>>> print(open('protein.txt').read())   # compact mmCIF, C-alpha atoms
# COMPACT_ATOMS: atom_id res chain seq x y z
CA MET Q 110 0.00 0.00 0.00
CA ASN Q 111 2.84 2.32 1.03
CA ARG Q 112 4.72 1.44 -2.14
CA LEU Q 113 1.70 2.26 -4.28
CA LYS Q 114 1.30 5.57 -2.43
CA GLY Q 115 4.96 6.42 -3.06
CA ARG Q 116 4.63 5.67 -6.74
CA LEU Q 117 1.52 7.78 -7.03
CA THR Q 118 3.38 10.68 -5.42
CA TRP Q 119 6.16 10.39 -8.00
CA VAL Q 120 3.67 10.23 -10.86
CA ALA Q 121 1.84 13.30 -9.49
CA MET Q 122 5.13 15.19 -9.22
CA ALA Q 123 6.09 14.25 -12.79
CA VAL Q 124 2.70 15.34 -14.15
CA LEU Q 125 2.92 18.62 -12.23
CA THR Q 126 6.46 19.30 -13.51
CA VAL Q 127 5.57 18.58 -17.14
CA GLY Q 128 2.38 20.65 -16.81
CA LEU Q 129 4.23 23.64 -15.38
CA LEU Q 130 6.94 23.40 -18.05
CA ALA Q 131 4.32 23.26 -20.80
CA PHE Q 132 2.47 26.21 -19.27
CA GLY Q 133 5.67 28.23 -18.93
CA ALA Q 134 6.71 27.48 -22.50
CA THR Q 135 3.38 28.27 -24.14
CA ARG Q 136 1.77 30.99 -22.04
CA SER Q 137 1.47 34.32 -23.72
CA SER Q 138 2.58 37.07 -21.38
CA GLY Q 139 3.74 39.26 -24.28
CA PRO Q 140 4.58 42.92 -23.93
CA SER Q 141 1.59 45.19 -23.99
CA THR Q 142 2.88 48.60 -25.08
CA GLN Q 143 4.66 49.45 -28.35
CA GLU Q 144 7.80 50.42 -26.43
CA GLU Q 145 7.84 47.03 -24.68
CA ARG Q 146 7.35 45.25 -28.01
CA ILE Q 147 10.29 47.16 -29.56
CA ASP Q 148 12.49 46.27 -26.57
CA ALA Q 149 11.42 42.62 -26.63
CA ILE Q 150 12.17 42.29 -30.36
CA SER Q 151 15.48 44.18 -30.03
CA LYS Q 152 16.60 41.74 -27.34
CA ARG Q 153 16.09 38.79 -29.70
CA LEU Q 154 18.44 40.17 -32.39
CA ALA Q 155 22.22 40.52 -32.48
CA CYS Q 156 23.91 43.72 -33.59
CA PRO Q 157 25.51 42.91 -36.99
CA THR Q 158 28.64 44.98 -36.36
CA CYS Q 159 29.42 44.22 -32.71
CA ASN Q 160 30.40 41.04 -30.92
CA GLY Q 161 27.71 39.37 -28.86
CA GLU Q 162 25.66 42.50 -28.20
CA SER Q 163 21.96 42.64 -28.82
CA ILE Q 164 20.29 45.38 -30.84
CA TYR Q 165 18.71 46.44 -27.54
CA VAL Q 166 22.07 47.05 -25.85
CA SER Q 167 24.24 48.24 -28.74
CA ARG Q 168 24.73 51.89 -29.59
CA ALA Q 169 26.34 51.13 -32.97
CA SER Q 170 24.95 52.92 -35.99
CA ALA Q 171 23.72 49.69 -37.63
CA ALA Q 172 21.96 48.65 -34.40
CA GLU Q 173 20.30 52.04 -34.18
CA SER Q 174 19.07 51.75 -37.78
CA ILE Q 175 17.63 48.30 -37.06
CA ARG Q 176 15.96 49.59 -33.87
CA ASN Q 177 14.41 52.42 -35.92
CA GLU Q 178 13.12 49.89 -38.45
CA ILE Q 179 11.64 47.72 -35.67
CA ALA Q 180 9.94 50.81 -34.19
CA ARG Q 181 8.59 51.75 -37.62
CA GLN Q 182 7.16 48.28 -38.23
CA VAL Q 183 5.69 48.03 -34.73
CA ALA Q 184 4.04 51.44 -35.20
CA ALA Q 185 2.68 50.38 -38.61
CA GLY Q 186 1.06 47.40 -36.88
CA GLN Q 187 1.13 45.21 -39.98
CA ARG Q 188 3.54 42.57 -38.73
CA GLY Q 189 3.69 40.45 -35.60
CA ASP Q 190 6.87 40.20 -33.49
CA ASN Q 191 8.00 36.97 -35.15
CA GLU Q 192 7.44 38.44 -38.60
CA ILE Q 193 9.52 41.52 -37.76
CA VAL Q 194 12.30 39.31 -36.40
CA ALA Q 195 12.12 37.19 -39.57
CA TYR Q 196 12.34 40.33 -41.75
CA ILE Q 197 15.46 41.59 -39.94
CA GLU Q 198 16.97 38.09 -40.02
CA SER Q 199 16.35 37.92 -43.78
CA ARG Q 200 18.32 41.15 -44.23
CA PHE Q 201 21.05 40.34 -41.69
CA PRO Q 202 21.42 36.54 -41.76
CA GLY Q 203 22.66 35.07 -38.49
CA SER Q 204 21.29 37.88 -36.37
CA LEU Q 205 19.04 35.68 -34.25
CA LEU Q 206 20.29 35.60 -30.65
CA LEU Q 207 17.91 32.81 -29.61
CA PRO Q 208 16.98 29.94 -31.89
CA PRO Q 209 13.27 29.81 -32.79
CA ALA Q 210 11.06 27.33 -30.93
CA GLU Q 211 9.77 25.85 -34.18
CA GLY Q 212 10.76 22.98 -36.43
CA VAL Q 213 14.14 21.32 -35.99
CA ASP Q 214 15.40 24.35 -34.02
CA SER Q 215 12.94 23.54 -31.25
CA LEU Q 216 15.20 20.58 -30.37
CA VAL Q 217 17.50 23.13 -28.75
CA TRP Q 218 14.74 23.82 -26.22
CA VAL Q 219 13.30 20.33 -25.94
CA LEU Q 220 16.52 18.31 -25.58
CA PRO Q 221 17.70 19.91 -22.30
CA VAL Q 222 14.30 19.21 -20.72
CA VAL Q 223 14.38 15.62 -21.97
CA ALA Q 224 17.94 15.26 -20.65
CA LEU Q 225 16.86 16.67 -17.27
CA VAL Q 226 13.89 14.30 -17.01
CA CYS Q 227 16.03 11.32 -18.10
CA GLY Q 228 18.77 12.26 -15.63
CA PHE Q 229 16.26 12.59 -12.81
CA GLY Q 230 14.66 9.26 -13.73
CA GLY Q 231 18.08 7.62 -13.83
CA LEU Q 232 18.93 8.95 -10.38
CA VAL Q 233 15.66 7.58 -8.98
CA VAL Q 234 16.40 4.14 -10.45
CA VAL Q 235 19.97 4.12 -9.09
CA PHE Q 236 18.93 5.27 -5.60
CA ARG Q 237 16.21 2.58 -5.52
CA ARG Q 238 18.75 -0.07 -6.48
CA TRP Q 239 21.21 1.09 -3.84
CA GLN Q 240 18.41 1.07 -1.29
CA ARG Q 241 17.50 -2.53 -2.17
CA GLU Q 242 21.13 -3.68 -2.12
CA GLY Q 243 21.74 -2.02 1.22
CA GLU Q 244 18.83 -3.68 2.96
CA ALA Q 245 20.15 -5.79 5.96
CA ARG Q 246 19.16 -9.45 6.07
CA ALA Q 247 19.49 -11.45 9.29
CA ASN Q 248 21.46 -14.68 9.13
CA PRO Q 249 21.37 -17.51 11.71
CA GLY Q 250 24.36 -16.03 13.56
CA ASP Q 251 22.48 -12.73 13.96
CA ALA Q 252 19.51 -14.60 15.40
CA ASP Q 253 21.81 -16.20 18.06
CA ILE Q 254 23.19 -12.79 19.03
CA VAL Q 255 19.68 -11.34 19.37
CA ALA Q 256 18.55 -14.32 21.46
CA ALA Q 257 21.56 -13.96 23.79
CA ALA Q 258 20.91 -10.25 24.19
CA LEU Q 259 17.27 -10.90 24.99
CA ARG Q 260 18.21 -13.45 27.57
CA GLU Q 261 20.56 -10.97 29.18
CA HIS Q 262 17.81 -8.38 29.20
CA ASP Q 263 15.28 -10.76 30.80
CA ASP Q 264 17.62 -11.73 33.66
CA PRO Q 265 19.76 -8.76 34.65
CA THR Q 266 21.10 -10.57 37.78
CA ASP Q 267 22.34 -13.43 35.70
CA GLY Q 268 26.09 -13.67 36.08
CA LEU Q 269 26.26 -11.87 39.47
CA MET U 108 57.44 8.30 -24.40
CA PRO U 109 60.24 9.05 -26.94
CA ARG U 110 58.60 6.41 -29.17
CA LEU U 111 55.30 8.30 -29.02
CA SER U 112 56.96 11.60 -29.96
CA ARG U 113 58.71 9.89 -32.87
CA ARG U 114 55.31 8.69 -34.11
CA LEU U 115 53.65 12.05 -33.58
CA ALA U 116 56.38 14.11 -35.26
CA PRO U 117 55.45 13.21 -38.89
CA VAL U 118 51.75 13.84 -38.17
CA VAL U 119 52.47 17.31 -36.72
CA GLY U 120 54.77 18.01 -39.67
CA LEU U 121 52.07 17.01 -42.16
CA VAL U 122 49.47 19.21 -40.44
CA LEU U 123 51.86 22.18 -40.56
CA VAL U 124 52.64 21.61 -44.23
CA ALA U 125 48.91 21.37 -45.03
CA PHE U 126 48.31 24.60 -43.11
CA PHE U 127 50.94 26.48 -45.13
CA VAL U 128 49.65 25.03 -48.41
CA VAL U 129 46.13 26.28 -47.60
CA LEU U 130 47.52 29.71 -46.73
CA ALA U 131 49.54 29.83 -49.95
CA VAL U 132 46.75 28.81 -52.34
CA SER U 133 43.81 30.57 -50.69
CA LYS U 134 42.46 33.53 -52.65
CA PRO U 135 43.12 36.89 -51.01
CA ARG U 136 40.00 38.87 -50.18
CA GLY U 137 39.30 41.53 -52.78
CA GLU U 138 36.38 42.84 -54.77
CA ALA U 139 33.79 40.15 -54.92
CA ASP U 140 30.07 39.68 -54.98
CA VAL U 141 28.56 39.11 -51.57
CA ALA U 142 25.56 36.86 -51.11
CA SER U 143 22.22 38.40 -50.24
CA PRO U 144 18.69 37.02 -50.30
CA LEU U 145 17.82 40.09 -52.38
CA ILE U 146 19.95 39.05 -55.36
CA GLY U 147 17.63 38.11 -58.22
CA ASN U 148 14.64 39.63 -56.43
CA PRO U 149 12.91 42.99 -56.82
CA ALA U 150 14.83 45.75 -55.07
CA PRO U 151 13.29 47.08 -51.85
CA ALA U 152 11.24 50.25 -52.23
CA VAL U 153 13.41 53.33 -51.73
CA GLN U 154 11.71 56.67 -51.30
CA SER U 155 13.59 59.55 -49.79
CA THR U 156 14.89 63.05 -50.35
CA LEU U 157 18.14 64.21 -51.87
CA VAL U 158 20.90 66.22 -50.28
CA GLY U 159 20.56 69.65 -51.86
CA GLY U 160 16.84 69.23 -52.54
CA GLY U 161 14.51 66.99 -54.51
CA ASP U 162 12.89 63.60 -54.06
CA PHE U 163 14.11 60.14 -54.93
CA ASP U 164 11.97 57.13 -55.77
CA LEU U 165 13.81 54.02 -56.93
CA SER U 166 10.75 52.67 -58.72
CA ARG U 167 10.90 55.69 -61.06
CA ARG U 168 14.41 54.73 -62.16
CA LYS U 169 13.17 51.61 -63.96
CA GLY U 170 14.59 51.41 -67.45
CA SER U 171 18.09 52.34 -66.23
CA TRP U 172 20.84 50.42 -64.53
CA VAL U 173 21.07 51.91 -61.04
CA VAL U 174 24.10 51.75 -58.76
CA LEU U 175 23.56 52.55 -55.09
CA ASN U 176 26.71 53.27 -53.12
CA PHE U 177 26.27 53.35 -49.32
CA PHE U 178 28.65 55.95 -48.01
CA ASN U 179 29.85 57.89 -44.98
CA SER U 180 32.26 60.81 -45.37
CA THR U 181 34.37 59.73 -42.36
CA CYS U 182 34.83 56.11 -43.46
CA VAL U 183 38.33 55.50 -44.82
CA PRO U 184 37.44 52.85 -47.46
CA CYS U 185 34.66 55.16 -48.70
CA ARG U 186 37.18 57.96 -49.14
CA ASN U 187 39.63 55.55 -50.81
CA GLU U 188 37.15 54.33 -53.40
CA HIS U 189 35.79 57.78 -54.21
CA PRO U 190 38.14 58.54 -57.17
CA GLU U 191 37.10 55.18 -58.67
CA LEU U 192 33.44 56.13 -58.38
CA VAL U 193 34.14 59.50 -60.01
CA ALA U 194 35.82 57.67 -62.91
CA PHE U 195 32.93 55.18 -63.08
CA ASP U 196 30.35 57.99 -63.21
CA GLU U 197 32.25 59.80 -65.98
CA GLU U 198 32.59 56.58 -68.00
CA GLN U 199 28.91 55.69 -67.64
CA ALA U 200 27.86 59.25 -68.59
CA GLY U 201 29.61 58.71 -71.93
CA LEU U 202 27.52 55.60 -72.73
CA ASP U 203 24.08 55.64 -74.37
CA ASP U 204 22.56 53.50 -71.66
CA GLY U 205 25.07 54.20 -68.89
CA ALA U 206 24.28 53.31 -65.31
CA GLU U 207 23.03 55.97 -62.89
CA LEU U 208 25.08 56.27 -59.74
CA PHE U 209 23.56 57.36 -56.43
CA THR U 210 25.15 57.76 -53.04
CA VAL U 211 23.09 56.62 -50.05
CA VAL U 212 24.22 58.70 -47.09
CA ASN U 213 24.75 56.47 -44.08
CA ASP U 214 24.78 58.03 -40.60
CA ASP U 215 26.18 61.36 -41.81
CA THR U 216 25.12 64.99 -42.09
CA ASP U 217 24.22 66.95 -45.22
CA GLU U 218 26.97 69.45 -44.43
CA ALA U 219 29.71 66.83 -44.14
CA VAL U 220 28.58 65.07 -47.32
CA SER U 221 28.32 68.31 -49.31
CA ALA U 222 31.75 69.45 -48.10
CA PHE U 223 33.28 66.08 -49.06
CA PHE U 224 31.83 66.12 -52.58
CA ALA U 225 32.73 69.78 -53.07
CA GLU U 226 36.34 68.91 -52.30
CA LYS U 227 36.66 65.49 -53.98
CA GLY U 228 34.25 65.86 -56.90
CA GLY U 229 31.23 63.80 -57.91
CA GLU U 230 28.11 65.32 -59.43
CA TRP U 231 25.70 62.45 -58.88
CA ASN U 232 22.74 62.62 -56.48
CA LYS U 233 23.03 61.80 -52.80
CA ILE U 234 20.05 60.12 -51.15
CA ARG U 235 19.31 60.84 -47.50
CA ASP U 236 18.76 57.89 -45.17
CA PRO U 237 18.40 59.61 -41.79
CA ASP U 238 16.92 56.69 -39.83
CA GLY U 239 18.73 53.92 -41.71
CA THR U 240 15.58 52.55 -43.39
CA ILE U 241 17.30 52.09 -46.75
CA ALA U 242 20.37 50.49 -45.15
CA VAL U 243 18.22 47.99 -43.24
CA ALA U 244 16.08 47.25 -46.30
CA PHE U 245 19.24 46.24 -48.18
CA GLY U 246 20.91 44.62 -45.14
CA VAL U 247 23.82 47.06 -45.06
CA ALA U 248 25.61 47.10 -41.71
CA LYS U 249 28.99 48.53 -42.77
CA VAL U 250 29.95 51.00 -45.46
CA PRO U 251 31.01 51.14 -48.20
CA GLU U 252 28.66 48.79 -49.99
CA THR U 253 27.64 48.98 -53.62
CA TRP U 254 24.48 47.49 -55.09
CA VAL U 255 23.53 47.15 -58.75
CA ILE U 256 19.88 47.12 -59.83
CA ASP U 257 18.90 46.22 -63.38
CA PRO U 258 16.47 48.19 -65.58
CA SER U 259 13.60 45.92 -64.50
CA GLY U 260 14.19 46.79 -60.85
CA PHE U 261 15.83 43.49 -59.86
CA VAL U 262 18.89 43.38 -57.61
CA ARG U 263 21.81 41.98 -59.61
CA MET U 264 24.92 42.50 -57.51
CA ARG U 265 26.18 43.45 -54.07
CA VAL U 266 29.78 44.36 -53.33
CA ALA U 267 30.94 44.86 -49.75
CA GLY U 268 34.01 47.04 -49.35
CA GLU U 269 35.88 49.18 -51.86
CA VAL U 270 35.07 48.91 -55.56
CA THR U 271 37.03 49.99 -58.62
CA ASN U 272 35.73 51.50 -61.83
CA SER U 273 37.05 48.60 -63.91
CA PHE U 274 35.36 45.98 -61.73
CA LEU U 275 32.02 47.79 -61.59
CA SER U 276 31.95 48.76 -65.29
CA GLY U 277 33.07 45.28 -66.36
CA ARG U 278 30.44 43.50 -64.30
CA ILE U 279 27.63 45.80 -65.43
CA ALA U 280 28.68 45.42 -69.08
CA ALA U 281 28.65 41.63 -68.69
CA MET U 282 25.25 41.65 -67.00
CA ARG U 283 23.87 44.01 -69.64
CA GLU U 284 25.06 41.68 -72.41
CA MET U 285 23.60 38.67 -70.63
CA ILE U 286 20.20 40.30 -70.16
CA ASP U 287 20.13 41.80 -73.67
CA GLY U 288 21.18 38.42 -75.08
CA ALA U 289 18.42 36.66 -73.21
CA GLY U 290 15.87 39.23 -74.39
CA SER U 291 16.79 39.08 -78.09
>>> encode(input="protein.txt", output="structure tokens")
Amino acid sequence: MNRLKGRLTWVAMAVLTVGLLAFGATRSSGPSTQEERIDAISKRLACPTCNGESIYVSRASAAESIRNEIARQVAAGQRGDNEIVAYIESRFPGSLLLPPAEGVDSLVWVLPVVALVCGFGGLVVVFRRWQREGEARANPGDADIVAAALREHDDPTDGL
Amino acid sequence: MPRLSRRLAPVVGLVLVAFFVVLAVSKPRGEADVASPLIGNPAPAVQSTLVGGGDFDLSRRKGSWVVLNFFNSTCVPCRNEHPELVAFDEEQAGLDDGAELFTVVNDDTDEAVSAFFAEKGGEWNKIRDPDGTIAVAFGVAKVPETWVIDPSGFVRMRVAGEVTNSFLSGRIAAMREMIDGAGS
């Protein structure tokens, strides 16, 4: 009964973890104002003339031009965030700072989670095995020792 | 251990020789076309104003070969290539269907650009790009860059870095022949 209860707890924890991960990955808590949208898009793109800086951070002339273009497209309201990012990426190939969560690229996001779950599962299996191997089993010699100790306990004057 | 080093020595030697061979035969970087998803596609819309007055609309230049040169008066390669562009413009002006050259001003002021052209020559029009819209539309991050657009409005060539008159004229002549040949 206890074993079944323990397993159910693990299953519940796994379901909760997967559910929270799925919720976190898919929920839409996107920026609400135009300024926030411009910042969010700028943070996803690398400055084409500087090393490792985002458009959001860089003060380079090219980064400023791209920020202006993002602001113009956001204000025009004709393209979504992903479409604006795709437009900039089409003009400046390799400017994506984060890989998209679509198609084969989504493996970059999925594989670490799978590795984490597999690693956790592996640890559970190993700990269980160690627990089973470490369980003490009484042999006939142990039984004699226990019997002698009990006898001693029953007759404390014995031996005086 | 000495045996291991004796075995490794020829391998290291071979790697070094291969390295020097690659260095010796590799082509030095010079004028060359640069890839762009725009090549072979319609040129982005360019509408702006000109330094010194007037409007510019790329779509109204259809029927002519158009060369857009992205430029900044403080950039050294831009200054270096300028005499070549002056020669190119003069040569094209002498042809019946010569290409039209335009400078796209990148992150620079009207005053600086006008002063530069007054000193170094060059009578062609200079297009303003104050917020970098044209540069982003073409994917230009560094100047100089030169783009060639055919009479139908399709992007035919992009050159990053300095260009020479002979390279630019030669490539446009070849493309013109190819397109005229295909049309006849």
>>> interface_residues(input="protein.txt", of="chain U", to="chain Q", cutoff="10 Å", atoms="all atoms listed in the file", output="MDAnalysis selection string")
chainID U and resid 143:145 213:214 236:249
>>> residues_around(input="protein.txt", residues="Val183 (chain Q)", least_positions_apart="2", cutoff="9 Å", atoms="only C-alpha atoms", output="ChimeraX atom specification")
/Q:143-144,146-147,178-181,185-190,193
>>> residues_around(input="protein.txt", residues="region 265-275 of chain U", least_positions_apart="5", cutoff="7 Å", atoms="only C-alpha atoms", output="list in words")
Glu138, Ala139, Asp140, Val141, Pro184, Cys185, Glu188, Glu191, Leu192, Ala194, Phe195, Val250, Pro251, Glu252, Thr253, Trp254 and Val255 of chain U
>>> residues_around(input="protein.txt", residues="Asp164 (chain U)", least_positions_apart="4", cutoff="8 Å", atoms="all atoms listed in the file", output="list in words")
Ala152, Val153, Gln154, Ser155 and Arg168 of chain U
>>> atom_distance(input="protein.txt", atom1="CA of Asn232 (chain U)", atom2="CA of Gly160 (chain U)")
9.7 Å
>>> residues_around(input="protein.txt", residues="Asp203 (chain U)", least_positions_apart="5", cutoff="12 Å", atoms="only C-alpha atoms", output="PyMOL selection string")
chain U and resi 171-172+198
>>> write_last_selection(input="protein.txt", atoms="C-alpha atoms", output="CSV table (one decimal), in the frame of the given file")
chain,number,residue,atom,x,y,z
U,171,SER,CA,18.1,52.3,-66.2
U,172,TRP,CA,20.8,50.4,-64.5
U,198,GLU,CA,32.6,56.6,-68.0
>>> residues_around(input="protein.txt", residues="Val173 (chain U)", least_positions_apart="6", cutoff="6 Å", atoms="all atoms listed in the file", output="compact mmCIF listing (two decimals) with C-alpha atoms, in the coordinates of the input")
# COMPACT_ATOMS: atom_id res chain seq x y z
CA ALA U 206 24.28 53.31 -65.31
CA GLU U 207 23.03 55.97 -62.89
CA VAL U 255 23.53 47.15 -58.75
CA ILE U 256 19.88 47.12 -59.83
>>> atom_distance(input="protein.txt", atom1="CA of Val220 (chain U)", atom2="CA of Glu197 (chain U)")
19.7 Å
>>> atom_distance(input="protein.txt", atom1="CA of Val174 (chain U)", atom2="CA of Phe209 (chain U)")
6.1 Å
